[in-house]
$ cat coords_0.txt   # compact mmCIF, C-alpha atoms
# COMPACT_ATOMS: atom_id res chain seq x y z
CA MET A 7 6.46 19.09 19.86
CA THR A 8 4.81 15.67 19.92
CA ALA A 9 4.61 15.72 16.13
CA LEU A 10 8.27 16.71 15.75
CA VAL A 11 9.38 13.79 17.91
CA TRP A 12 7.26 11.49 15.73
CA PHE A 13 8.80 13.09 12.60
CA LEU A 14 12.28 12.07 13.71
CA GLY A 15 11.11 8.57 14.64
CA LYS A 16 9.58 7.96 11.22
CA PHE A 17 12.59 9.56 9.52
CA LEU A 18 14.98 7.08 11.14
CA ARG A 19 12.74 4.09 10.49
CA TYR A 20 12.32 4.78 6.77
CA ALA A 21 15.94 5.68 6.20
CA PHE A 22 16.65 1.95 6.37
CA PRO A 23 14.62 0.81 3.29
CA ALA A 24 16.31 3.55 1.25
CA LEU A 25 19.68 2.22 2.51
CA PHE A 26 18.96 -1.47 1.85
CA GLU A 27 20.96 -1.53 -1.38
CA THR A 28 23.93 0.22 0.25
CA ILE A 29 23.81 -1.87 3.43
CA GLY A 30 23.47 -5.08 1.41
CA ALA A 31 26.56 -4.19 -0.65
CA THR A 32 28.51 -3.05 2.42
CA TYR A 33 27.90 -6.21 4.43
CA GLY A 34 27.39 -8.65 1.53
CA VAL A 35 23.97 -9.87 2.74
CA SER A 36 20.79 -10.94 0.93
CA ARG A 37 17.35 -9.33 0.80
CA THR A 38 16.12 -11.94 3.27
CA VAL A 39 18.72 -10.76 5.80
CA LEU A 40 17.83 -7.12 5.14
CA GLY A 41 14.12 -7.81 5.54
CA SER A 42 14.76 -9.81 8.70
CA ALA A 43 16.83 -6.98 10.19
CA PHE A 44 14.00 -4.55 9.49
CA THR A 45 11.61 -7.06 11.03
CA VAL A 46 13.72 -7.02 14.21
CA LEU A 47 13.30 -3.23 14.36
CA MET A 48 9.56 -3.45 13.75
CA LEU A 49 9.08 -6.36 16.16
CA VAL A 50 10.78 -4.49 19.01
CA TYR A 51 8.72 -1.44 18.06
CA ALA A 52 5.58 -3.59 18.23
CA LEU A 53 6.44 -5.12 21.58
CA MET A 54 6.93 -1.65 23.08
CA GLN A 55 3.36 -0.54 22.35
CA PHE A 56 1.58 -2.01 25.39
CA PRO A 57 4.37 -1.40 27.95
CA SER A 58 4.69 2.23 26.84
CA GLY A 59 0.93 2.78 27.01
CA LEU A 60 0.75 1.08 30.42
CA LEU A 61 3.60 3.23 31.74
CA ALA A 62 1.99 6.38 30.36
CA ASP A 63 -1.24 5.55 32.22
CA ARG A 64 0.76 5.16 35.43
CA VAL A 65 3.68 7.63 35.33
CA GLY A 66 2.66 10.12 32.64
CA SER A 67 2.97 10.54 28.87
CA VAL A 68 5.69 13.18 28.87
CA ARG A 69 8.16 11.07 30.85
CA VAL A 70 7.64 8.04 28.62
CA ILE A 71 8.05 9.89 25.32
CA THR A 72 11.09 11.82 26.59
CA ALA A 73 12.81 8.58 27.65
CA GLY A 74 12.01 7.04 24.28
CA ALA A 75 13.44 10.03 22.42
CA LEU A 76 16.70 9.80 24.34
CA LEU A 77 16.96 6.06 23.66
CA THR A 78 16.38 6.67 19.94
CA ALA A 79 19.09 9.33 19.91
CA ALA A 80 21.51 6.90 21.56
CA ALA A 81 20.76 4.30 18.87
CA ALA A 82 21.39 6.89 16.15
CA PHE A 83 24.83 7.64 17.63
CA VAL A 84 25.68 3.92 17.50
CA LEU A 85 24.60 3.77 13.84
CA ALA A 86 26.88 6.70 13.06
CA VAL A 87 30.00 4.55 13.63
CA ASP A 88 31.35 1.79 11.35
CA ALA A 89 30.66 -1.49 13.13
CA PRO A 90 29.94 -5.18 12.45
CA LEU A 91 26.55 -6.30 11.18
CA TRP A 92 25.37 -7.48 14.60
CA VAL A 93 25.95 -3.99 16.00
CA LEU A 94 23.93 -2.51 13.14
CA VAL A 95 21.04 -4.89 13.84
CA GLY A 96 21.26 -4.19 17.57
CA ALA A 97 21.13 -0.44 16.96
CA MET A 98 18.13 -0.94 14.67
CA ALA A 99 16.44 -2.81 17.52
CA LEU A 100 17.17 0.16 19.82
CA VAL A 101 15.55 2.47 17.25
CA GLY A 102 12.51 0.22 17.45
CA ALA A 103 12.50 0.36 21.25
CA GLY A 104 12.84 4.14 21.43
CA THR A 105 10.35 5.01 18.72
CA GLY A 106 7.99 2.38 20.12
CA THR A 107 7.05 4.87 22.84
CA TYR A 108 5.91 7.58 20.40
CA LYS A 109 2.71 6.62 18.61
CA THR A 110 0.62 4.90 21.28
CA VAL A 111 1.47 7.46 23.94
CA GLY A 112 1.36 10.39 21.53
CA VAL A 113 -2.15 9.52 20.32
CA SER A 114 -3.54 9.30 23.86
CA LEU A 115 -1.69 12.48 24.87
CA LEU A 116 -3.16 14.49 21.98
CA ALA A 117 -6.64 13.02 22.50
CA ARG A 118 -6.59 14.43 26.04
CA ALA A 119 -5.12 17.75 24.96
CA TYR A 120 -7.68 18.24 22.15
CA PRO A 121 -10.85 16.36 23.14
CA ARG A 122 -13.11 18.24 20.70
CA GLY A 123 -10.78 18.00 17.72
CA THR A 124 -9.06 14.67 18.14
CA GLY A 125 -9.27 13.76 14.45
CA ARG A 126 -7.76 17.08 13.40
CA ALA A 127 -4.96 16.85 15.99
CA LEU A 128 -4.10 13.31 14.99
CA GLY A 129 -4.15 14.36 11.34
CA VAL A 130 -1.46 16.95 12.06
CA PHE A 131 0.47 14.45 14.18
CA ASP A 132 0.46 11.74 11.52
CA THR A 133 1.23 14.24 8.74
CA PHE A 134 4.42 15.33 10.51
CA GLY A 135 5.37 11.70 10.99
CA THR A 136 4.78 10.88 7.36
CA PHE A 137 6.88 13.83 6.25
CA GLY A 138 9.67 12.17 8.20
CA GLY A 139 9.27 9.13 5.96
CA ALA A 140 9.19 11.34 2.87
CA ALA A 141 12.36 13.16 3.86
CA ALA A 142 14.33 10.00 4.61
CA PRO A 143 15.08 8.81 1.02
CA ALA A 144 16.19 12.30 -0.07
CA ALA A 145 18.35 12.66 3.04
CA VAL A 146 19.96 9.28 2.30
CA VAL A 147 20.92 10.48 -1.18
CA LEU A 148 22.40 13.71 0.19
CA ALA A 149 24.21 11.96 3.05
CA SER A 150 25.71 9.37 0.71
CA ALA A 151 27.29 12.19 -1.32
CA ALA A 152 28.64 13.97 1.77
CA PRO A 153 32.01 13.22 3.42
CA GLY A 154 31.87 10.69 6.25
CA VAL A 155 32.53 11.98 9.75
CA LEU A 156 32.86 8.77 11.77
CA GLY A 157 32.70 6.17 8.99
CA ALA A 158 30.90 5.61 5.69
CA PRO A 159 29.28 8.80 4.33
CA TRP A 160 25.71 7.62 4.92
CA ARG A 161 26.42 7.20 8.63
CA THR A 162 26.67 10.99 8.94
CA LEU A 163 22.89 10.99 8.60
CA PHE A 164 22.54 9.11 11.89
CA LEU A 165 25.06 11.35 13.65
CA VAL A 166 22.96 14.42 12.81
CA ALA A 167 19.76 12.57 13.78
CA GLY A 168 21.24 11.72 17.19
CA VAL A 169 22.09 15.35 17.92
CA VAL A 170 18.64 16.50 16.81
CA GLY A 171 17.04 13.73 18.89
CA VAL A 172 18.69 14.91 22.11
CA GLY A 173 17.54 18.46 21.43
CA LEU A 174 13.98 17.38 20.68
CA ALA A 175 13.79 15.28 23.84
CA GLY A 176 14.73 18.28 25.96
CA ALA A 177 12.37 20.65 24.13
CA PHE A 178 9.48 18.19 24.39
CA ALA A 179 9.99 17.65 28.13
CA TRP A 180 10.08 21.43 28.70
CA ALA A 181 7.26 22.61 26.43
CA THR A 182 4.60 19.89 26.39
CA PRO A 183 3.42 19.89 30.05
CA ARG A 184 2.47 23.57 29.68
CA ARG A 185 -0.25 22.64 27.19
CA LEU A 186 -1.32 19.29 28.59
CA PRO A 187 -4.14 18.58 31.08
CA ASP A 188 -3.17 16.78 34.27
CA GLU A 189 -1.76 13.32 33.66
CA PRO A 190 -4.25 10.54 34.56
CA ALA A 191 -1.83 8.99 37.06
CA ALA A 192 -1.13 12.31 38.76
CA ALA A 193 -4.79 13.29 38.91
CA ALA A 194 -5.74 9.92 40.37
CA ALA A 195 -3.06 10.23 43.02
CA ASP A 196 -4.43 13.64 43.98
CA ASP A 197 -8.00 12.42 44.45
CA GLY A 198 -7.04 9.09 46.06
CA SER A 199 -8.67 6.94 43.40
CA GLY A 200 -5.57 4.79 42.85
CA GLY A 201 -5.58 5.25 39.10
CA GLY A 202 -1.95 4.32 38.95
CA SER A 203 -2.83 0.64 39.41
CA VAL A 204 -5.37 -0.10 36.68
CA PRO A 205 -5.97 -3.88 36.57
CA LEU A 206 -4.56 -5.58 33.48
CA GLY A 207 -7.94 -7.15 32.73
CA ALA A 208 -9.35 -3.71 31.98
CA TYR A 209 -7.16 -3.51 28.90
CA VAL A 210 -8.51 -6.77 27.48
CA ALA A 211 -12.18 -6.22 28.29
CA LEU A 212 -12.78 -4.26 25.08
CA PHE A 213 -12.17 -7.39 23.03
CA ARG A 214 -15.48 -8.80 24.29
CA ASP A 215 -17.18 -6.45 21.84
CA PRO A 216 -17.33 -8.26 18.44
CA ARG A 217 -17.22 -5.00 16.48
CA PHE A 218 -14.12 -3.85 18.33
CA THR A 219 -12.43 -7.18 17.60
CA LEU A 220 -13.44 -6.84 13.94
CA PHE A 221 -11.81 -3.40 13.85
CA VAL A 222 -8.61 -4.89 15.29
CA VAL A 223 -8.56 -7.52 12.52
CA VAL A 224 -8.96 -4.75 9.94
CA THR A 225 -6.06 -2.72 11.27
CA VAL A 226 -3.85 -5.83 11.58
CA CYS A 227 -4.45 -6.59 7.87
CA PHE A 228 -3.69 -2.99 6.97
CA SER A 229 -0.48 -2.97 9.00
CA PHE A 230 0.74 -6.20 7.37
CA THR A 231 0.27 -4.69 3.92
CA TYR A 232 1.63 -1.24 4.67
CA ASN A 233 4.83 -2.34 6.40
CA GLY A 234 5.62 -4.93 3.76
CA ALA A 235 5.01 -2.44 0.97
CA VAL A 236 7.07 0.41 2.38
CA ALA A 237 9.98 -1.89 3.25
CA PHE A 238 10.40 -3.14 -0.31
CA LEU A 239 8.59 -0.71 -2.63
CA PRO A 240 11.84 0.96 -3.86
CA LEU A 241 13.39 -2.43 -4.68
CA TYR A 242 10.15 -3.71 -6.22
CA LEU A 243 9.86 -0.72 -8.53
CA ALA A 244 13.55 -0.87 -9.48
CA GLU A 245 13.53 -4.59 -10.27
CA GLU A 246 9.99 -5.32 -11.51
CA THR A 247 9.29 -2.19 -13.56
CA ALA A 248 11.11 -0.16 -16.21
CA VAL A 249 11.98 2.74 -13.89
CA SER A 250 15.51 3.34 -12.62
CA SER A 251 16.62 3.05 -9.00
CA ALA A 252 16.71 6.84 -8.65
CA THR A 253 13.16 7.15 -10.03
CA ALA A 254 12.01 4.33 -7.75
CA ASN A 255 13.28 6.27 -4.72
CA LEU A 256 11.51 9.41 -5.92
CA LEU A 257 8.25 7.47 -6.28
CA PHE A 258 8.84 6.06 -2.79
CA SER A 259 9.09 9.62 -1.50
CA ALA A 260 5.80 10.44 -3.25
CA LEU A 261 4.15 7.77 -1.12
CA PHE A 262 4.83 9.96 1.91
CA LEU A 263 4.49 13.41 0.35
CA VAL A 264 0.74 12.93 -0.10
CA SER A 265 0.34 12.60 3.65
CA LEU A 266 -1.31 16.02 3.85
CA VAL A 267 -4.49 14.06 3.16
CA GLN A 268 -4.40 13.15 6.86
CA LEU A 269 -5.44 16.70 7.69
CA VAL A 270 -8.51 16.24 5.50
CA THR A 271 -9.50 12.76 6.69
CA GLY A 272 -8.90 13.64 10.35
CA GLU A 273 -11.16 16.67 10.02
CA ALA A 274 -13.75 14.66 8.07
CA SER A 275 -13.91 11.99 10.76
CA ASP A 276 -14.76 14.71 13.32
CA ARG A 277 -17.56 16.00 11.09
CA VAL A 278 -19.17 13.03 9.28
CA GLY A 279 -18.17 10.03 11.40
CA VAL A 280 -15.28 7.63 11.60
CA GLU A 281 -16.54 4.45 9.91
CA PRO A 282 -17.36 5.87 6.45
CA ILE A 283 -13.95 7.55 6.30
CA LEU A 284 -12.28 4.30 7.35
CA ALA A 285 -14.01 2.50 4.47
CA LEU A 286 -13.20 5.24 1.93
CA THR A 287 -9.50 5.44 2.78
CA LEU A 288 -8.98 1.68 2.70
CA ALA A 289 -10.78 1.45 -0.65
CA VAL A 290 -8.46 4.10 -2.13
CA ALA A 291 -5.38 2.33 -0.73
CA THR A 292 -6.57 -0.98 -2.20
CA ALA A 293 -7.06 0.62 -5.62
CA GLY A 294 -3.51 1.98 -5.49
CA MET A 295 -1.97 -1.34 -4.47
CA VAL A 296 -3.82 -3.22 -7.21
CA ALA A 297 -2.75 -0.58 -9.75
CA VAL A 298 0.92 -0.95 -8.77
CA LEU A 299 0.67 -4.66 -9.55
CA ALA A 300 -1.42 -4.21 -12.70
CA PHE A 301 0.91 -1.67 -14.32
CA SER A 302 4.28 -2.95 -13.12
CA ALA A 303 5.06 -4.53 -16.50
CA THR A 304 3.74 -1.80 -18.80
CA GLY A 305 3.44 1.42 -16.82
CA GLY A 306 5.87 4.29 -17.01
CA PRO A 307 6.89 6.65 -14.21
CA LEU A 308 3.69 8.71 -14.44
CA VAL A 309 1.34 5.72 -14.32
CA LEU A 310 3.25 3.99 -11.55
CA GLY A 311 3.57 7.29 -9.72
CA GLY A 312 -0.20 7.71 -9.87
CA ALA A 313 -0.67 4.23 -8.42
CA VAL A 314 1.80 4.96 -5.61
CA VAL A 315 0.04 8.25 -4.88
CA LEU A 316 -3.32 6.44 -4.63
CA LEU A 317 -1.78 3.94 -2.22
CA GLY A 318 -0.34 6.78 -0.18
CA LEU A 319 -3.56 8.79 -0.10
CA GLY A 320 -5.54 5.85 1.20
CA ALA A 321 -2.91 4.51 3.61
CA HIS A 322 -2.08 7.85 5.19
CA GLY A 323 -5.67 9.00 5.23
CA TYR A 324 -6.60 5.90 7.20
CA ARG A 325 -4.18 6.41 10.08
CA PRO A 326 -5.58 9.42 11.99
CA VAL A 327 -9.10 8.04 11.58
CA ARG A 328 -7.99 4.74 13.07
CA GLY A 329 -6.57 6.60 16.06
CA ALA A 330 -9.71 8.70 16.46
CA TYR A 331 -11.85 5.55 16.46
CA MET A 332 -9.70 3.98 19.16
CA MET A 333 -9.85 7.05 21.38
CA ALA A 334 -13.62 7.32 20.94
CA VAL A 335 -14.30 3.79 22.18
CA THR A 336 -11.81 3.53 25.06
CA PRO A 337 -12.12 5.06 28.56
CA GLU A 338 -9.51 7.75 29.26
CA SER A 339 -8.15 5.92 32.30
CA VAL A 340 -6.99 2.99 30.15
CA ALA A 341 -6.61 4.76 26.80
CA GLY A 342 -2.83 4.38 26.59
CA GLY A 343 -2.76 0.72 27.56
CA SER A 344 -5.77 -0.25 25.43
CA LEU A 345 -4.28 1.44 22.39
CA GLY A 346 -1.02 -0.29 23.27
CA VAL A 347 -2.68 -3.72 23.17
CA VAL A 348 -4.15 -3.03 19.74
CA ARG A 349 -0.96 -1.51 18.39
CA THR A 350 1.06 -4.46 19.68
CA LEU A 351 -1.09 -6.81 17.63
CA LEU A 352 -1.03 -4.72 14.48
CA MET A 353 2.68 -3.97 14.76
CA VAL A 354 3.60 -7.64 15.29
CA ALA A 355 1.80 -8.35 12.01
CA GLY A 356 3.56 -5.38 10.45
CA ALA A 357 6.92 -6.47 11.84
CA ALA A 358 6.59 -9.94 10.31
CA SER A 359 5.69 -8.54 6.91
CA PRO A 360 9.15 -7.40 5.67
CA ALA A 361 10.64 -10.82 6.44
CA VAL A 362 7.75 -12.55 4.65
CA VAL A 363 8.05 -10.27 1.62
CA GLY A 364 11.84 -10.61 1.53
CA TYR A 365 11.61 -14.41 1.64
CA LEU A 366 8.84 -14.66 -0.97
CA SER A 367 10.62 -12.23 -3.28
CA GLU A 368 13.63 -14.55 -3.40
CA THR A 369 11.77 -17.87 -3.55
CA ALA A 370 8.67 -17.08 -5.63
CA GLY A 371 9.34 -13.58 -6.96
CA PHE A 372 8.36 -10.04 -6.07
CA THR A 373 4.96 -10.26 -7.81
CA PRO A 374 3.53 -13.07 -5.61
CA ALA A 375 4.87 -11.28 -2.53
CA PHE A 376 3.06 -8.05 -3.43
CA GLN A 377 -0.06 -10.00 -4.44
CA LEU A 378 -0.19 -11.31 -0.86
CA LEU A 379 -0.03 -7.73 0.43
CA ALA A 380 -2.82 -6.68 -1.91
CA ALA A 381 -5.00 -9.58 -0.74
CA ALA A 382 -4.62 -8.50 2.89
CA LEU A 383 -5.66 -4.96 1.96
CA VAL A 384 -8.71 -6.23 0.05
CA ALA A 385 -9.72 -8.19 3.15
CA ALA A 386 -9.31 -5.11 5.35
CA THR A 387 -11.55 -3.06 3.05
CA ALA A 388 -14.27 -5.73 2.95
CA LEU A 389 -14.29 -6.11 6.73
CA THR A 390 -14.48 -2.34 7.19
CA LEU A 391 -17.62 -2.27 5.04
CA VAL A 392 -19.08 -4.90 7.36
CA LEU A 393 -18.11 -2.73 10.34
CA TRP A 394 -19.80 0.30 8.78
CA VAL A 395 -23.00 -1.56 7.89
CA THR A 396 -23.36 -3.21 11.29
CA GLY A 397 -22.73 0.14 12.95
CA GLN A 398 -25.61 1.72 11.02
CA GLU A 399 -27.89 -1.18 11.91
CA SER A 400 -27.12 -0.87 15.63
$ encode --input "coords_0.txt" --output "structure tokens"
Amino acid sequence: MTALVWFLGKFLRYAFPALFETIGATYGVSRTVLGSAFTVLMLVYALMQFPSGLLADRVGSVRVITAGALLTAAAAFVLAVDAPLWVLVGAMALVGAGTGTYKTVGVSLLARAYPRGTGRALGVFDTFGTFGGAAAPAAVVLASAAPGVLGAPWRTLFLVAGVVGVGLAGAFAWATPRRLPDEPAAAAADDGSGGGSVPLGAYVALFRDPRFTLFVVVTVCFSFTYNGAVAFLPLYLAEETAVSSATANLLFSALFLVSLVQLVTGEASDRVGVEPILALTLAVATAGMVAVLAFSATGGPLVLGGAVVLLGLGAHGYRPVRGAYMMAVTPESVAGGSLGVVRTLLMVAGAASPAVVGYLSETAGFTPAFQLLAAALVAATALTLVLWVTGQES
């Protein structure tokens, strides 16, 4: 149930990049405006990470995720109706607020539910979420061809998503507590330990460890690259390569379809250790990003598709391992809030990325914009190798 909620959240988020061309034509706005609107969504999403984790530590994970699912459904209903641009941007911000409760709280919830197989559980969780991203471009194509119910045809997609969101929120709230250990806040209240009032300083104390801070820098670099790439990859491929817009959207879907690798990397992190898998996945993602740039002028659909698949394998493979690392180094009593602090930092970087890429693509060109993303990924890979080596030495 946690994974299905995350599926819908990722589906809604990545429907927007596939709709950029349509939204731009509908409202007559530039790529900078489109990128900035997506940045608003991602920035609100980022700013929700710590509050949602803090609330989950104090009032329980199920309540927080259920509330977020209902808020997301409400935003989808707003998007289903023809409205001015400011309403569209406001509804996108609400999508960011609602879905901002999913990942941080979901990771800590599953880590408690499956303490001996956290990597595997997070692999399943992230795979479902990534399938949501893979389904979004195809759903946009189908919805655009369907008759509109409350407005333009593509808005029907959000109407259906809102209905599904309400149903998922109810199913999650009913089914999940049956499989979940006692919530930290509830257990603390029972034993009189006062766990519902964890001091805020406890969430920051982890940053005194240099290796933990280094890991945060790595994941911030990764988030900057990934969010910038997925926001504009369809447009980049359509405008900077020889492939058509339809083929570009298919290749964009391929980026998400390879997410089954998360099941493998999550399991591998449980068996052989987190740091080597972190290094391997980032190296593969870097190779894919560099290949996209290297073959943009000469590569055909197969070559570019292979590069996109490499990027997807590395990027998706990295995510459950990142979550497993976080859960392994944080105390359970502050797991939600600590992960929220880290995810706030990485998501702020990720939120800024679409606006940066949109601006650079119009002022300097798409190639310099994607070169910046590749440089951030190279830095993340190099720093992860340092993290791995210092971990072996200690």
$ closest_residue --input "coords_0.txt" --among "A:Leu116, A:Leu10, A:Val224, A:Ala385" --to "A:Glu281" --atoms "all atoms listed in the file"
A:Val224
$ atom_distance --input "coords_0.txt" --atom1 "atom CA of A:Ile71" --atom2 "atom CA of A:Leu53"
15.6 Å
$ atom_distance --input "coords_0.txt" --atom1 "atom CA of A:Leu317" --atom2 "atom CA of A:Met48"
20.9 Å
$ closest_residue --input "coords_0.txt" --among "A:Ala300, A:Ala321, A:Ala82, A:Ala388" --to "A:Val236" --atoms "all atoms listed in the file"
A:Ala321
$ closest_residue --input "coords_0.txt" --among "A:Val50, A:Val327, A:Leu239, A:Leu91" --to "A:Leu310" --atoms "all atoms listed in the file"
A:Leu239
$ atom_distance --input "coords_0.txt" --atom1 "atom CA of A:Pro374" --atom2 "atom CA of A:Met295"
13.0 Å
$ closest_residue --input "coords_0.txt" --among "A:Cys227, A:Leu14, A:Val315, A:Ala235" --to "A:Val384" --atoms "only C-alpha atoms"
A:Cys227
$ closest_residue --input "coords_0.txt" --among "A:Ser114, A:Ala31, A:Ala179, A:Met54" --to "A:Arg69" --atoms "only C-alpha atoms"
A:Ala179
$ closest_residue --input "coords_0.txt" --among "A:Gly371, A:Pro282, A:Gly305, A:Gly356" --to "A:Val249" --atoms "all atoms listed in the file"
A:Gly305
$ residues_around --input "coords_0.txt" --residues "A:Val280" --least-positions-apart "4" --cutoff "7 Å" --atoms "all atoms listed in the file" --output "list of chain:residue names"
A:Ser275, A:Leu284, A:Val327, A:Tyr331
$ build_atoms --input "coords_0.txt" --residues "stretch 298-315 of chain A" --atoms "N, CA, C and O atoms" --output "short mmCIF file (atom, residue, chain, number, x, y, z; two decimals), in the coordinates of the input"
data_model
loop_
_atom_site.label_atom_id
_atom_site.label_comp_id
_atom_site.auth_asym_id
_atom_site.auth_seq_id
_atom_site.Cartn_x
_atom_site.Cartn_y
_atom_site.Cartn_z
N VAL A 298 -0.53 -0.72 -8.74
CA VAL A 298 0.92 -0.95 -8.77
C VAL A 298 1.22 -2.31 -9.40
O VAL A 298 2.12 -2.44 -10.25
N LEU A 299 0.47 -3.32 -8.99
CA LEU A 299 0.67 -4.66 -9.55
C LEU A 299 0.25 -4.73 -11.02
O LEU A 299 0.94 -5.32 -11.86
N ALA A 300 -0.88 -4.11 -11.34
CA ALA A 300 -1.42 -4.21 -12.70
C ALA A 300 -0.53 -3.54 -13.73
O ALA A 300 -0.44 -4.01 -14.88
N PHE A 301 0.13 -2.45 -13.35
CA PHE A 301 0.91 -1.67 -14.32
C PHE A 301 2.42 -1.82 -14.15
O PHE A 301 3.18 -1.08 -14.75
N SER A 302 2.84 -2.80 -13.35
CA SER A 302 4.28 -2.95 -13.12
C SER A 302 5.03 -3.33 -14.40
O SER A 302 6.19 -2.94 -14.57
N ALA A 303 4.38 -4.08 -15.28
CA ALA A 303 5.06 -4.53 -16.50
C ALA A 303 5.01 -3.49 -17.61
O ALA A 303 5.92 -3.42 -18.44
N THR A 304 3.95 -2.69 -17.66
CA THR A 304 3.74 -1.80 -18.80
C THR A 304 3.76 -0.32 -18.45
O THR A 304 3.91 0.52 -19.32
N GLY A 305 3.59 0.02 -17.20
CA GLY A 305 3.44 1.42 -16.82
C GLY A 305 4.77 2.15 -16.76
O GLY A 305 5.80 1.59 -16.37
N GLY A 306 4.71 3.42 -17.14
CA GLY A 306 5.87 4.29 -17.01
C GLY A 306 5.87 5.00 -15.68
O GLY A 306 5.02 4.74 -14.81
N PRO A 307 6.80 5.94 -15.49
CA PRO A 307 6.89 6.65 -14.21
C PRO A 307 5.61 7.37 -13.82
O PRO A 307 5.25 7.37 -12.63
N LEU A 308 4.91 7.97 -14.78
CA LEU A 308 3.69 8.71 -14.44
C LEU A 308 2.58 7.78 -13.97
O LEU A 308 1.89 8.05 -12.98
N VAL A 309 2.40 6.66 -14.69
CA VAL A 309 1.34 5.72 -14.32
C VAL A 309 1.65 5.08 -12.97
O VAL A 309 0.79 5.01 -12.07
N LEU A 310 2.87 4.61 -12.82
CA LEU A 310 3.25 3.99 -11.55
C LEU A 310 3.23 5.01 -10.42
O LEU A 310 2.85 4.70 -9.29
N GLY A 311 3.63 6.23 -10.73
CA GLY A 311 3.57 7.29 -9.72
C GLY A 311 2.15 7.55 -9.28
O GLY A 311 1.88 7.75 -8.09
N GLY A 312 1.21 7.53 -10.23
CA GLY A 312 -0.20 7.71 -9.87
C GLY A 312 -0.70 6.60 -8.97
O GLY A 312 -1.45 6.84 -8.03
N ALA A 313 -0.26 5.36 -9.26
CA ALA A 313 -0.67 4.23 -8.42
C ALA A 313 -0.10 4.37 -7.01
O ALA A 313 -0.78 4.11 -6.02
N VAL A 314 1.18 4.78 -6.92
CA VAL A 314 1.80 4.96 -5.61
C VAL A 314 1.11 6.08 -4.84
O VAL A 314 0.90 5.98 -3.62
N VAL A 315 0.74 7.15 -5.53
CA VAL A 315 0.04 8.25 -4.88
C VAL A 315 -1.31 7.79 -4.34
O VAL A 315 -1.70 8.15 -3.22
#
